[in-house]
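K.L.:
Contents of model_17.txt (compact mmCIF, C-alpha atoms):
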```
# COMPACT_ATOMS: atom_id res chain seq x y z
CA MET A 1 -1.33 -57.34 -31.37
CA ARG A 2 1.52 -57.45 -33.81
CA ARG A 3 1.32 -53.72 -34.23
CA LEU A 4 1.93 -53.14 -30.57
CA ILE A 5 5.28 -54.83 -30.94
CA ALA A 6 6.24 -53.17 -34.16
CA LEU A 7 5.54 -49.64 -32.97
CA PRO A 8 8.05 -49.46 -30.12
CA ILE A 9 10.78 -50.71 -32.40
CA LEU A 10 9.99 -48.02 -34.91
CA VAL A 11 9.94 -45.43 -32.17
CA VAL A 12 13.29 -46.47 -30.75
CA GLY A 13 14.88 -46.42 -34.16
CA THR A 14 13.48 -43.05 -35.00
CA VAL A 15 14.39 -41.51 -31.68
CA LEU A 16 18.00 -42.59 -32.05
CA THR A 17 18.09 -41.08 -35.51
CA SER A 18 16.47 -37.93 -34.24
CA LEU A 19 19.21 -37.31 -31.70
CA ALA A 20 21.40 -36.39 -34.59
CA ILE A 21 18.72 -34.52 -36.49
CA ALA A 22 16.74 -32.70 -33.87
CA ALA A 23 19.35 -31.90 -31.27
CA PRO A 24 19.99 -28.19 -31.58
CA ALA A 25 23.50 -26.85 -31.78
CA GLN A 26 24.33 -28.19 -28.37
CA ALA A 27 25.28 -25.59 -25.85
CA HIS A 28 28.48 -25.76 -23.91
CA GLY A 29 30.58 -22.84 -22.75
CA TYR A 30 32.93 -19.88 -23.23
CA ILE A 31 35.07 -17.44 -21.27
CA SER A 32 33.06 -14.51 -19.98
CA SER A 33 35.86 -12.60 -18.27
CA PRO A 34 38.23 -11.26 -19.33
CA PRO A 35 35.75 -10.80 -22.18
CA SER A 36 36.49 -13.33 -24.92
CA ARG A 37 35.81 -12.59 -28.58
CA GLN A 38 32.50 -14.45 -28.52
CA ALA A 39 31.54 -12.76 -25.24
CA GLN A 40 32.14 -9.37 -26.86
CA CYS A 41 29.88 -10.36 -29.75
CA ALA A 42 27.18 -11.62 -27.37
CA GLN A 43 27.43 -8.45 -25.31
CA GLY A 44 27.09 -6.34 -28.43
CA ILE A 45 30.28 -4.32 -27.85
CA VAL A 46 31.61 -5.77 -31.10
CA THR A 47 28.92 -5.76 -33.76
CA ASN A 48 28.19 -7.54 -37.02
CA CYS A 49 29.50 -10.83 -35.69
CA GLY A 50 26.87 -13.06 -37.31
CA ASP A 51 25.56 -16.20 -35.63
CA ILE A 52 28.08 -16.20 -32.82
CA GLN A 53 26.27 -13.28 -31.21
CA TRP A 54 23.37 -15.58 -30.35
CA GLU A 55 25.33 -18.67 -29.32
CA PRO A 56 28.75 -17.74 -27.94
CA GLN A 57 28.80 -21.09 -26.16
CA SER A 58 28.80 -23.16 -29.36
CA VAL A 59 32.34 -22.85 -30.74
CA GLU A 60 32.89 -26.59 -30.99
CA GLY A 61 35.42 -28.30 -33.24
CA PRO A 62 37.59 -31.38 -33.43
CA LYS A 63 40.33 -31.59 -30.84
CA GLY A 64 43.79 -30.35 -31.76
CA LEU A 65 42.91 -27.14 -33.62
CA ARG A 66 44.53 -23.81 -32.85
CA SER A 67 41.86 -21.52 -34.24
CA CYS A 68 39.51 -19.14 -32.48
CA SER A 69 36.55 -20.39 -34.54
CA GLY A 70 37.22 -24.09 -33.98
CA GLY A 71 37.07 -24.45 -37.76
CA ASN A 72 33.41 -23.38 -37.96
CA ALA A 73 32.89 -21.37 -41.12
CA ARG A 74 29.85 -19.62 -39.68
CA PHE A 75 31.95 -18.39 -36.74
CA SER A 76 34.92 -17.36 -38.89
CA VAL A 77 34.62 -13.77 -37.65
CA LEU A 78 36.34 -15.00 -34.50
CA ASP A 79 39.51 -15.64 -36.53
CA ASN A 80 39.63 -12.04 -37.73
CA ASP A 81 42.37 -10.39 -35.66
CA SER A 82 41.51 -6.94 -36.99
CA LYS A 83 37.87 -6.99 -35.97
CA GLY A 84 38.41 -4.39 -33.25
CA TRP A 85 38.31 -6.72 -30.26
CA ARG A 86 38.54 -5.06 -26.90
CA VAL A 87 41.90 -5.79 -25.27
CA THR A 88 42.07 -6.40 -21.52
CA ASN A 89 45.12 -5.30 -19.51
CA VAL A 90 46.46 -8.06 -17.30
CA SER A 91 49.72 -8.95 -15.61
CA GLY A 92 51.13 -11.93 -13.81
CA THR A 93 48.54 -14.45 -12.75
CA THR A 94 45.21 -13.89 -14.46
CA THR A 95 41.82 -15.37 -13.62
CA PHE A 96 39.69 -16.77 -16.43
CA ASN A 97 35.99 -17.32 -15.76
CA TRP A 98 33.82 -19.61 -17.87
CA VAL A 99 30.10 -19.67 -18.54
CA ILE A 100 29.06 -23.33 -18.74
CA THR A 101 25.79 -24.30 -20.35
CA ALA A 102 26.34 -28.06 -20.50
CA ARG A 103 28.65 -29.88 -18.12
CA HIS A 104 30.58 -32.25 -20.35
CA ALA A 105 32.95 -34.74 -18.78
CA THR A 106 36.31 -33.06 -19.29
CA SER A 107 39.79 -34.29 -19.98
CA THR A 108 41.74 -31.03 -19.95
CA TRP A 109 41.54 -27.26 -20.20
CA GLU A 110 44.48 -25.81 -22.16
CA TYR A 111 45.66 -22.23 -22.55
CA TYR A 112 47.93 -21.26 -25.47
CA ILE A 113 49.77 -18.16 -26.55
CA GLY A 114 51.05 -18.78 -30.04
CA ASN A 115 52.30 -22.35 -30.03
CA THR A 116 53.24 -22.28 -26.36
CA ARG A 117 50.92 -23.99 -23.93
CA VAL A 118 51.01 -21.67 -20.96
CA ALA A 119 48.73 -23.72 -18.71
CA GLN A 120 46.88 -27.00 -18.53
CA PHE A 121 44.28 -28.16 -16.02
CA ASN A 122 43.58 -31.88 -15.99
CA ASP A 123 40.08 -32.81 -14.87
CA GLY A 124 40.70 -36.50 -15.43
CA GLY A 125 37.36 -37.10 -17.14
CA ARG A 126 35.28 -35.54 -14.39
CA GLN A 127 32.26 -33.35 -14.97
CA PRO A 128 33.14 -29.72 -14.23
CA GLY A 129 31.32 -27.80 -11.53
CA PRO A 130 28.58 -25.33 -12.41
CA THR A 131 31.17 -22.57 -12.53
CA VAL A 132 34.73 -22.93 -13.80
CA THR A 133 37.60 -20.57 -12.96
CA HIS A 134 41.29 -20.96 -13.78
CA GLN A 135 44.33 -19.01 -12.59
CA VAL A 136 46.89 -18.78 -15.37
CA ASN A 137 50.40 -17.41 -14.88
CA LEU A 138 51.23 -15.13 -17.83
CA SER A 139 54.33 -13.55 -16.33
CA GLY A 140 56.55 -14.93 -19.12
CA PHE A 141 54.72 -12.84 -21.70
CA SER A 142 54.31 -9.18 -22.46
CA GLY A 143 52.60 -6.88 -24.89
CA ARG A 144 49.51 -7.58 -26.88
CA GLN A 145 48.77 -11.30 -27.10
CA LYS A 146 45.96 -13.48 -28.39
CA LEU A 147 45.30 -16.22 -25.87
CA LEU A 148 43.54 -19.37 -27.06
CA ALA A 149 41.72 -21.51 -24.49
CA VAL A 150 40.67 -25.05 -25.37
CA TRP A 151 38.16 -27.13 -23.42
CA ASN A 152 38.79 -30.78 -24.30
CA VAL A 153 35.72 -32.92 -23.76
CA ALA A 154 36.49 -36.37 -22.36
CA ASP A 155 33.91 -38.55 -24.04
CA THR A 156 33.74 -37.07 -27.53
CA PRO A 157 36.41 -36.19 -30.14
CA MET A 158 35.42 -32.55 -29.73
CA ALA A 159 36.72 -29.46 -27.98
CA PHE A 160 35.53 -25.90 -27.44
CA TYR A 161 37.62 -22.93 -28.53
CA VAL A 162 37.81 -19.42 -27.08
CA CYS A 163 40.13 -16.51 -27.87
CA VAL A 164 40.84 -13.65 -25.47
CA ASP A 165 42.77 -10.53 -26.45
CA LEU A 166 45.17 -9.38 -23.74
CA GLN A 167 47.73 -6.67 -23.08
CA ILE A 168 50.15 -8.34 -20.72
CA GLY A 169 52.34 -6.45 -18.26
CA GLY A 170 53.36 -2.93 -19.16
CA GLY A 171 52.50 -0.64 -16.30
CA GLY A 172 52.62 -2.35 -12.97
CA ASN A 173 49.33 -3.84 -12.02
CA PRO A 174 46.74 -2.11 -14.13
CA PRO A 175 43.06 -2.57 -13.63
CA PRO A 176 41.17 -4.02 -16.57
CA THR A 177 41.10 -1.74 -19.58
CA THR A 178 37.55 -0.78 -19.06
CA PRO A 179 36.50 -0.61 -15.44
CA PRO A 180 32.82 -1.33 -15.07
CA PRO A 181 30.83 1.83 -15.47
CA THR A 182 28.69 2.35 -12.40
CA ASN A 183 25.73 2.20 -14.68
CA PRO A 184 26.71 0.18 -17.73
CA PRO A 185 25.41 1.51 -20.98
CA PRO A 186 21.94 0.14 -21.22
CA THR A 187 21.72 -2.79 -23.51
CA THR A 188 19.43 -2.70 -26.38
CA GLY A 189 18.27 -6.20 -26.85
CA PRO A 190 19.20 -8.41 -29.72
CA THR A 191 17.44 -6.38 -32.33
CA PRO A 192 19.08 -3.27 -33.74
CA THR A 193 19.43 -0.36 -31.38
CA ASN A 194 15.81 0.59 -31.33
CA PRO A 195 13.30 -2.20 -31.54
CA PRO A 196 10.27 -1.20 -33.56
CA GLN A 197 8.64 1.59 -31.65
CA THR A 198 4.97 1.47 -32.16
CA GLY A 199 4.29 4.87 -30.81
CA GLY A 200 4.88 5.83 -27.22
CA THR A 201 7.56 6.92 -24.81
CA TRP A 202 8.73 3.47 -23.70
CA ARG A 203 12.29 2.77 -24.85
CA ALA A 204 14.46 -0.30 -24.51
CA GLY A 205 17.64 0.63 -22.67
CA THR A 206 15.99 3.10 -20.31
CA ALA A 207 16.24 2.51 -16.55
CA TYR A 208 12.77 2.93 -15.04
CA SER A 209 11.96 3.42 -11.36
CA VAL A 210 8.80 2.54 -9.54
CA GLY A 211 6.14 5.13 -10.34
CA ASP A 212 7.59 6.19 -13.72
CA GLN A 213 4.97 6.45 -16.43
CA VAL A 214 5.33 5.58 -20.11
CA THR A 215 3.05 5.21 -23.06
CA TYR A 216 3.12 2.25 -25.41
CA ASN A 217 0.74 1.79 -28.31
CA GLY A 218 -1.39 4.62 -27.02
CA VAL A 219 -1.78 3.10 -23.56
CA THR A 220 -0.26 4.56 -20.39
CA TYR A 221 1.56 2.32 -17.92
CA ARG A 222 3.10 2.91 -14.49
CA CYS A 223 6.28 1.10 -13.51
CA ARG A 224 5.73 -1.22 -10.53
CA GLN A 225 9.21 -2.78 -10.36
CA ALA A 226 12.50 -0.97 -11.05
CA HIS A 227 14.28 -2.34 -14.12
CA THR A 228 16.13 -1.45 -17.31
CA ALA A 229 13.77 -1.91 -20.24
CA ILE A 230 14.69 -4.56 -22.79
CA ALA A 231 13.14 -6.06 -25.90
CA GLY A 232 10.69 -8.75 -24.81
CA TRP A 233 9.71 -6.74 -21.72
CA GLU A 234 7.31 -4.37 -23.49
CA PRO A 235 4.71 -3.06 -21.02
CA PRO A 236 1.68 -4.98 -22.37
CA HIS A 237 3.56 -8.27 -21.95
CA VAL A 238 4.95 -7.91 -18.45
CA ALA A 239 2.27 -7.06 -15.92
CA ALA A 240 4.84 -7.80 -13.23
CA LEU A 241 6.78 -4.69 -14.32
CA TRP A 242 4.09 -2.38 -15.68
CA GLN A 243 0.57 -1.62 -14.55
CA GLN A 244 -1.86 -0.11 -16.99
CA VAL A 245 -3.03 3.28 -15.75
CA MET B 1 13.87 -34.96 -51.22
CA TYR B 2 14.03 -31.82 -49.18
CA ALA B 3 10.41 -32.12 -48.13
CA LEU B 4 10.90 -35.75 -47.25
CA ALA B 5 13.92 -35.00 -45.13
CA ARG B 6 12.12 -32.22 -43.42
CA GLY B 7 9.10 -34.37 -42.73
CA THR B 8 11.25 -37.12 -41.30
CA ALA B 9 13.06 -34.67 -39.08
CA ALA B 10 9.79 -33.25 -37.83
CA VAL B 11 8.37 -36.66 -37.00
CA ALA B 12 11.61 -37.66 -35.34
CA ALA B 13 11.60 -34.48 -33.31
CA LEU B 14 8.07 -35.05 -32.15
CA LEU B 15 8.87 -38.57 -31.09
CA LEU B 16 11.86 -37.31 -29.22
CA LEU B 17 9.70 -34.74 -27.56
CA ALA B 18 7.18 -37.40 -26.70
CA GLY B 19 9.97 -39.23 -24.95
CA CYS B 20 10.60 -36.17 -22.86
CA MET B 21 6.99 -35.82 -21.93
CA GLY B 22 6.90 -39.36 -20.72
CA THR B 23 9.38 -38.37 -18.07
CA ALA B 24 7.32 -35.61 -16.56
CA ALA B 25 6.56 -36.82 -13.08
CA PRO B 26 5.58 -33.88 -10.95
CA ALA B 27 4.26 -36.03 -8.17
CA SER B 28 7.69 -37.43 -7.46
CA ARG B 29 9.41 -34.10 -7.30
CA PRO B 30 9.97 -32.55 -3.91
CA ALA B 31 8.52 -29.08 -3.69
CA ALA B 32 11.92 -27.44 -3.68
CA ALA B 33 10.94 -24.03 -4.91
CA PRO B 34 8.36 -22.07 -3.00
CA PRO B 35 5.27 -21.11 -4.93
CA PRO B 36 5.97 -17.87 -6.71
CA ALA B 37 2.67 -16.28 -5.81
CA ALA B 38 4.11 -14.16 -3.03
CA SER B 39 6.64 -12.55 -5.31
CA ALA B 40 4.38 -12.02 -8.28
CA PRO B 41 2.72 -8.75 -7.48
CA ALA B 42 0.87 -8.64 -10.73
CA ALA B 43 -2.20 -10.76 -10.51
CA ALA B 44 -1.67 -11.78 -14.09
CA THR B 45 -4.86 -12.65 -15.77
CA HIS B 46 -4.66 -16.16 -17.04
CA ALA B 47 -6.82 -16.10 -20.08
CA PRO B 48 -7.41 -19.68 -21.13
CA ASN B 49 -5.14 -20.79 -23.93
CA THR B 50 -7.52 -22.62 -26.20
CA GLY B 51 -5.43 -22.58 -29.36
CA PRO B 52 -4.23 -25.78 -30.98
CA HIS B 53 -1.12 -27.29 -29.45
CA ASN B 54 1.24 -30.21 -30.01
CA ALA B 55 3.69 -32.27 -28.00
CA ALA B 56 6.45 -29.73 -28.58
CA ASP B 57 4.36 -26.98 -26.99
CA VAL B 58 3.69 -29.12 -23.94
CA MET B 59 7.32 -30.06 -23.51
CA PHE B 60 8.49 -26.50 -24.00
CA LEU B 61 6.18 -25.22 -21.28
CA GLN B 62 6.97 -28.06 -18.87
CA MET B 63 10.70 -27.64 -19.32
CA LEU B 64 10.54 -23.88 -19.08
CA VAL B 65 8.52 -24.03 -15.85
CA THR B 66 11.18 -26.22 -14.28
CA HIS B 67 13.96 -24.11 -15.74
CA HIS B 68 12.35 -20.91 -14.45
CA GLU B 69 12.01 -22.35 -10.97
CA GLN B 70 15.75 -22.94 -10.93
CA GLY B 71 16.34 -19.40 -12.13
CA LEU B 72 14.09 -18.10 -9.36
CA THR B 73 16.20 -19.94 -6.80
CA MET B 74 19.25 -18.06 -8.04
CA VAL B 75 17.78 -14.59 -8.42
CA ARG B 76 16.23 -14.75 -4.95
CA LEU B 77 19.69 -15.35 -3.49
CA ALA B 78 21.06 -12.47 -5.56
CA ALA B 79 18.35 -10.06 -4.48
CA GLU B 80 19.70 -10.49 -0.93
CA ARG B 81 23.38 -11.02 -1.47
CA ALA B 82 24.56 -9.21 -4.58
CA THR B 83 26.60 -6.14 -3.70
CA ARG B 84 25.85 -3.82 -6.63
CA ASP B 85 22.49 -2.10 -6.91
CA GLU B 86 22.24 -2.76 -10.65
CA VAL B 87 22.73 -6.50 -10.13
CA ARG B 88 20.10 -6.59 -7.38
CA THR B 89 17.71 -4.58 -9.56
CA LEU B 90 18.12 -6.94 -12.49
CA ALA B 91 17.70 -9.97 -10.21
CA ALA B 92 14.52 -8.55 -8.71
CA ALA B 93 13.04 -7.74 -12.13
CA ILE B 94 13.86 -11.24 -13.39
CA GLU B 95 12.24 -12.68 -10.29
CA VAL B 96 8.88 -11.00 -10.79
CA THR B 97 8.75 -11.54 -14.55
CA GLN B 98 9.75 -15.20 -14.43
CA ALA B 99 7.41 -15.89 -11.52
CA ALA B 100 4.55 -14.43 -13.56
CA GLU B 101 5.55 -16.49 -16.60
CA VAL B 102 5.55 -19.63 -14.47
CA GLU B 103 2.00 -18.88 -13.34
CA THR B 104 0.86 -18.34 -16.91
CA MET B 105 2.56 -21.48 -18.22
CA ARG B 106 1.18 -23.63 -15.41
CA SER B 107 -2.32 -22.35 -16.10
CA TRP B 108 -2.01 -23.24 -19.80
CA LEU B 109 -0.73 -26.72 -18.96
CA ARG B 110 -3.50 -27.26 -16.42
CA GLY B 111 -6.03 -26.19 -19.03
CA TRP B 112 -4.60 -28.79 -21.40
CA GLY B 113 -4.72 -31.48 -18.72
CA GLU B 114 -0.94 -31.85 -18.66
CA ALA B 115 1.61 -32.08 -15.87
CA THR B 116 2.79 -28.59 -15.00
CA GLU B 117 6.53 -29.18 -14.89
CA ALA B 118 9.30 -31.44 -16.14
CA ASP B 119 11.42 -33.72 -14.04
CA PRO B 120 14.77 -31.94 -13.75
CA ALA B 121 16.62 -35.15 -12.89
CA GLU B 122 15.98 -36.77 -16.23
CA HIS B 123 19.09 -37.27 -18.29
CA LEU B 124 17.03 -37.24 -21.44
CA HIS B 125 16.60 -33.50 -21.06
CA ALA B 126 20.26 -32.89 -20.47
CA ASP B 127 21.00 -34.92 -23.58
CA HIS B 128 19.40 -32.32 -25.75
CA GLY B 129 20.68 -29.38 -23.84
CA GLY B 130 17.60 -28.68 -21.80
CA LEU B 131 18.19 -29.02 -18.11
CA PRO B 132 21.85 -29.44 -17.45
CA LEU B 133 21.99 -28.25 -13.85
CA THR B 134 19.92 -29.05 -10.80
CA SER B 135 18.79 -26.54 -8.21
CA GLU B 136 21.12 -28.28 -5.78
CA ASP B 137 24.08 -27.59 -8.10
CA LEU B 138 23.16 -23.94 -8.29
CA ILE B 139 22.59 -23.41 -4.61
CA GLY B 140 25.73 -25.38 -3.80
CA ALA B 141 27.78 -23.10 -6.02
CA LEU B 142 26.39 -19.94 -4.44
CA ASP B 143 25.85 -20.90 -0.84
CA THR B 144 29.38 -20.64 0.44
CA VAL B 145 30.44 -17.34 -1.08
CA SER B 146 29.67 -13.67 -0.59
CA GLY B 147 30.54 -10.24 -1.91
CA ALA B 148 32.28 -9.92 -5.25
CA GLU B 149 32.85 -13.67 -5.53
CA PHE B 150 29.13 -14.30 -5.08
CA GLU B 151 28.30 -11.80 -7.81
CA LYS B 152 30.83 -13.27 -10.20
CA ARG B 153 29.52 -16.81 -9.74
CA PHE B 154 25.90 -15.69 -9.82
CA LEU B 155 26.37 -13.80 -13.09
CA ASN B 156 28.23 -16.65 -14.78
CA LEU B 157 25.60 -19.14 -13.64
CA LEU B 158 22.65 -17.02 -14.69
CA ILE B 159 24.20 -16.20 -18.07
CA GLY B 160 24.56 -19.92 -18.78
CA HIS B 161 21.06 -20.55 -17.48
CA GLN B 162 19.56 -17.90 -19.76
CA HIS B 163 21.50 -19.24 -22.75
CA ASN B 164 19.66 -22.50 -22.13
CA ALA B 165 16.33 -20.66 -22.05
CA VAL B 166 17.16 -19.10 -25.42
CA GLU B 167 17.84 -22.56 -26.85
CA MET B 168 14.53 -23.90 -25.58
CA ALA B 169 12.73 -20.89 -27.01
CA ARG B 170 14.36 -21.35 -30.42
CA ASN B 171 13.36 -25.01 -30.45
CA GLN B 172 9.83 -23.96 -29.65
CA THR B 173 9.67 -21.57 -32.57
CA LYS B 174 10.81 -24.46 -34.77
CA TYR B 175 8.54 -27.21 -33.51
CA GLY B 176 5.70 -25.67 -31.48
CA THR B 177 2.32 -24.83 -32.98
CA ASN B 178 0.45 -23.03 -30.20
CA PRO B 179 0.33 -19.33 -31.08
CA GLU B 180 0.57 -18.06 -27.51
CA ALA B 181 3.37 -20.44 -26.58
CA ARG B 182 5.25 -19.38 -29.71
CA GLN B 183 4.80 -15.70 -28.80
CA LEU B 184 6.04 -16.46 -25.30
CA ALA B 185 9.07 -18.17 -26.82
CA GLU B 186 9.83 -15.10 -28.92
CA ARG B 187 9.72 -12.86 -25.85
CA VAL B 188 11.90 -15.30 -23.91
CA ASP B 189 14.41 -15.31 -26.75
CA LEU B 190 14.56 -11.50 -26.88
CA SER B 191 14.51 -10.76 -23.16
CA ARG B 192 17.03 -13.40 -22.12
CA THR B 193 19.41 -12.38 -24.89
CA ALA B 194 19.22 -8.80 -23.61
CA GLN B 195 19.68 -9.95 -20.01
CA ILE B 196 22.82 -11.84 -21.07
CA GLN B 197 24.14 -8.63 -22.61
CA GLN B 198 23.55 -6.76 -19.37
CA MET B 199 25.16 -9.46 -17.27
CA LEU B 200 28.23 -9.75 -19.48
CA ALA B 201 28.68 -6.00 -19.03
CA TYR B 202 28.47 -6.41 -15.25
CA LEU B 203 31.29 -8.98 -15.42
CA ASP B 204 33.70 -6.66 -17.21
```
Would you write out, as structure tokens, the structure that this file holds?
P.N.:
Amino acid sequence: MRRLIALPILVVGTVLTSLAIAAPAQAHGYISSPPSRQAQCAQGIVTNCGDIQWEPQSVEGPKGLRSCSGGNARFSVLDNDSKGWRVTNVSGTTTFNWVITARHATSTWEYYIGNTRVAQFNDGGRQPGPTVTHQVNLSGFSGRQKLLAVWNVADTPMAFYVCVDLQIGGGGNPPPTTPPPTNPPPTTGPTPTNPPQTGGTWRAGTAYSVGDQVTYNGVTYRCRQAHTAIAGWEPPHVAALWQQV
Amino acid sequence: MYALARGTAAVAALLLLAGCMGTAAPASRPAAAPPPAASAPAAATHAPNTGPHNAADVMFLQMLVTHHEQGLTMVRLAAERATRDEVRTLAAAIEVTQAAEVETMRSWLRGWGEATEADPAEHLHADHGGLPLTSEDLIGALDTVSGAEFEKRFLNLLIGHQHNAVEMARNQTKYGTNPEARQLAERVDLSRTAQIQQMLAYLD
């Protein structure tokens, strides 16, 4: 009988400890558009970014920093101003859209250019909605600027850091630097451009229509659902997309 | 010292996972999402998964089933309401592939005598980054908008959602033992990462 009492105590103690040990790099959020530095790494339009490519949402650091990496050594690429970041043309009031992967109670969202805080949104400790969008007036600025956005979490000492490279003003009301191609360059999956091809005509990045035929590992498949091929969607693994002929 | 620390972490992780499993209560969950059978054209063959498995495998599958159901809710809306062909095409492809994965995962869990989904309301999951949003949150965010605004919200929501799937998959490759569940996790990691790349491009 004594054991029955001892065990739950052990379990509780261990579980509490494990929250620190086992919790993965907790996911949170970043600015998706205009494309932030970490979004450009995740999208693969800036390469050789290191870990940030896989977890653009994780740039967490103590409150009060003014760095793109939030002081994380493994994300230090984000602090490199000469990395070839894509610059987005904006003017006047600009909309910033966030991807949120965990809805932390929030004190404020701050936007800085240099040491000037250009905007602050006070959430008063509330949990943000599933999507977060801010309108920021940048009309006092011009030329190429690095904007730093800070998401201050209410119930921890931490914040999330995001940098966005902007070209402000200069030319009326320009559309974003790179208007969306009607058919964006096919993505190639997280592995280098061509995932290991094991023989066959199937290629990640190709847009397939219903009825298209490919070979993969010596087997022929017919496409049953239009899609752009990606790593992880190889024909033998996704019967919903490919039917063996 | 290293081995000891690792062992402790593994035990702790398993106990944490066990805590999650204790919360699985499918009976109490309203059948919010329609069964995916209608949209899964491929009658996937559900070969029994008889390999060894541990608590991490069970939790991964239960959480991913629930997570996928939420994703299906979103992509079904997008298949009707997105304005660009490429967004609708991606949504439709995600719908059929995730619906098929749900069927496979449920069949494995049934074969193991386990509940076939996790309880999305449990805070415990949110605490380790698993299930931060409810279907009601997602539908609420998408229900009142159309056109370009719908697409923008949909893409931002689904990007975040797939980031969460990648995290679950990476946990599974750390803690799971079942070979087929680990292979599934690898494909989830790869395919969702690639989907995120596509969707970020659509937001530009």
K.L.:
Which of these, A:Ser33, A:Asn115, A:Asn48, A:Thr206, has the shortest distance to chain B once you count all atoms listed in the file?
P.N.:
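That would be A:Ser33, the residue with the smallest distance to chain B.
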K.L.:
Skipping near chain neighbours, those fewer than 3 positions away, what residues fall within 9 Å of Phe150 of chain B using only C-alpha atoms, listed as a VMD selection string?
P.N.:
chain B and resid 78 81 to 83 141 to 147 153 to 155
K.L.:
Would you work out the distance separating atom CA of Thr47 of chain A from atom CA of Trp98 of chain A, expressed in Å to one decimal?
P.N.:
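Taking atom CA of Thr47 of chain A and atom CA of Trp98 of chain A, their separation equals 21.6 Å.
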K.L.:
By how many Å are atom CA of Gln62 of chain B and atom CA of Arg224 of chain A apart?
P.N.:
28.1 Å
K.L.:
Determine the nearest neighbour of Ala165 of chain B from the options B:Ala55, B:Met63, B:Ile139, B:Val96, counting all atoms listed in the file.
P.N.:
B:Met63
K.L.:
Go through B:Thr104, B:Asn164, B:Gln183, B:Thr50 one by one, measure the shortest atom-to-atom distance of each to chain A using all atoms listed in the file, and give the residue with the smallest value.
P.N.:
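Of B:Thr104, B:Asn164, B:Gln183, B:Thr50, the one nearest chain A is B:Asn164, counting all atoms listed in the file.
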K.L.:
Residues within 9 Å of Leu203 of chain B, please, as a VMD selection string. Count all atoms listed in the file; anything in the same chain fewer than 5 positions from it doesn't count.
P.N.:
(chain A and resid 32 to 35 180) or (chain B and resid 151 to 152 155 to 156 198)
K.L.:
Counting all atoms listed in the file, which of B:Met59, B:Ala185, B:Ala118, B:Leu190 gets nearest to chain A?
P.N.:
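Of B:Met59, B:Ala185, B:Ala118, B:Leu190, the one nearest chain A, counting all atoms listed in the file, is B:Leu190.
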K.L.:
Go through segment 37-56 of chain A residue by residue and, counting only C-alpha atoms, keep those with an atom at most 12 Å from segment 136-160 of chain A; for each kept residue give the shortest atom pair and its distance in Å to one decimal, ordered by chain and increasing number, as a tab-separated table.
P.N.:
```
residue	atom	partner	partner_atom	distance
A:Arg37	CA	A:Lys146	CA	10.2
A:Gln38	CA	A:Phe160	CA	11.9
A:Pro56	CA	A:Phe160	CA	10.6
```
K.L.:
Just C-alpha atoms for this one: save the residues we selected as a short mmCIF file (atom, residue, chain, number, x, y, z; two decimals), in the coordinates of the input.
P.N.:
```
data_model
loop_
_atom_site.label_atom_id
_atom_site.label_comp_id
_atom_site.auth_asym_id
_atom_site.auth_seq_id
_atom_site.Cartn_x
_atom_site.Cartn_y
_atom_site.Cartn_z
CA ARG A 37 35.81 -12.59 -28.58
CA GLN A 38 32.50 -14.45 -28.52
CA PRO A 56 28.75 -17.74 -27.94
#
```
K.L.:
What does the distance between atom CA of Ser135 of chain B and atom CA of Met74 of chain B come to in Å, to one decimal place?
P.N.:
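Taking atom CA of Ser135 of chain B as the start and atom CA of Met74 of chain B as the end point, the length is 8.5 Å.
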K.L.:
Each residue of segment 82-179 of chain B lying at most 12 Å from segment 58-70 of chain A should get a row with its shortest atom-to-atom pair and the distance in Å to one decimal, counting only C-alpha atoms; could you produce that, ordered by chain and increasing number, as a tab-separated table?
P.N.:
```
residue	atom	partner	partner_atom	distance
B:Gly129	CA	A:Ser58	CA	11.6
B:Gly160	CA	A:Ser58	CA	11.8
B:His163	CA	A:Ser58	CA	10.6
B:Asn164	CA	A:Ser58	CA	11.7
B:Glu167	CA	A:Ser58	CA	11.3
```
K.L.:
Give the answer as one residue: which of B:Gly71, B:Pro52, B:Gly140, B:Gly111 has the shortest atom-to-atom distance to chain A, using only C-alpha atoms?
P.N.:
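Smallest distance to chain A is found for B:Gly140.
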K.L.:
Check the smallest atom-to-atom distance from each of A:Gly232, A:Gly92, A:Gly205, A:Gly199 to chain B using all atoms listed in the file, then report the winner.
P.N.:
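Residue with the minimum atom-to-atom distance to chain B: A:Gly232.
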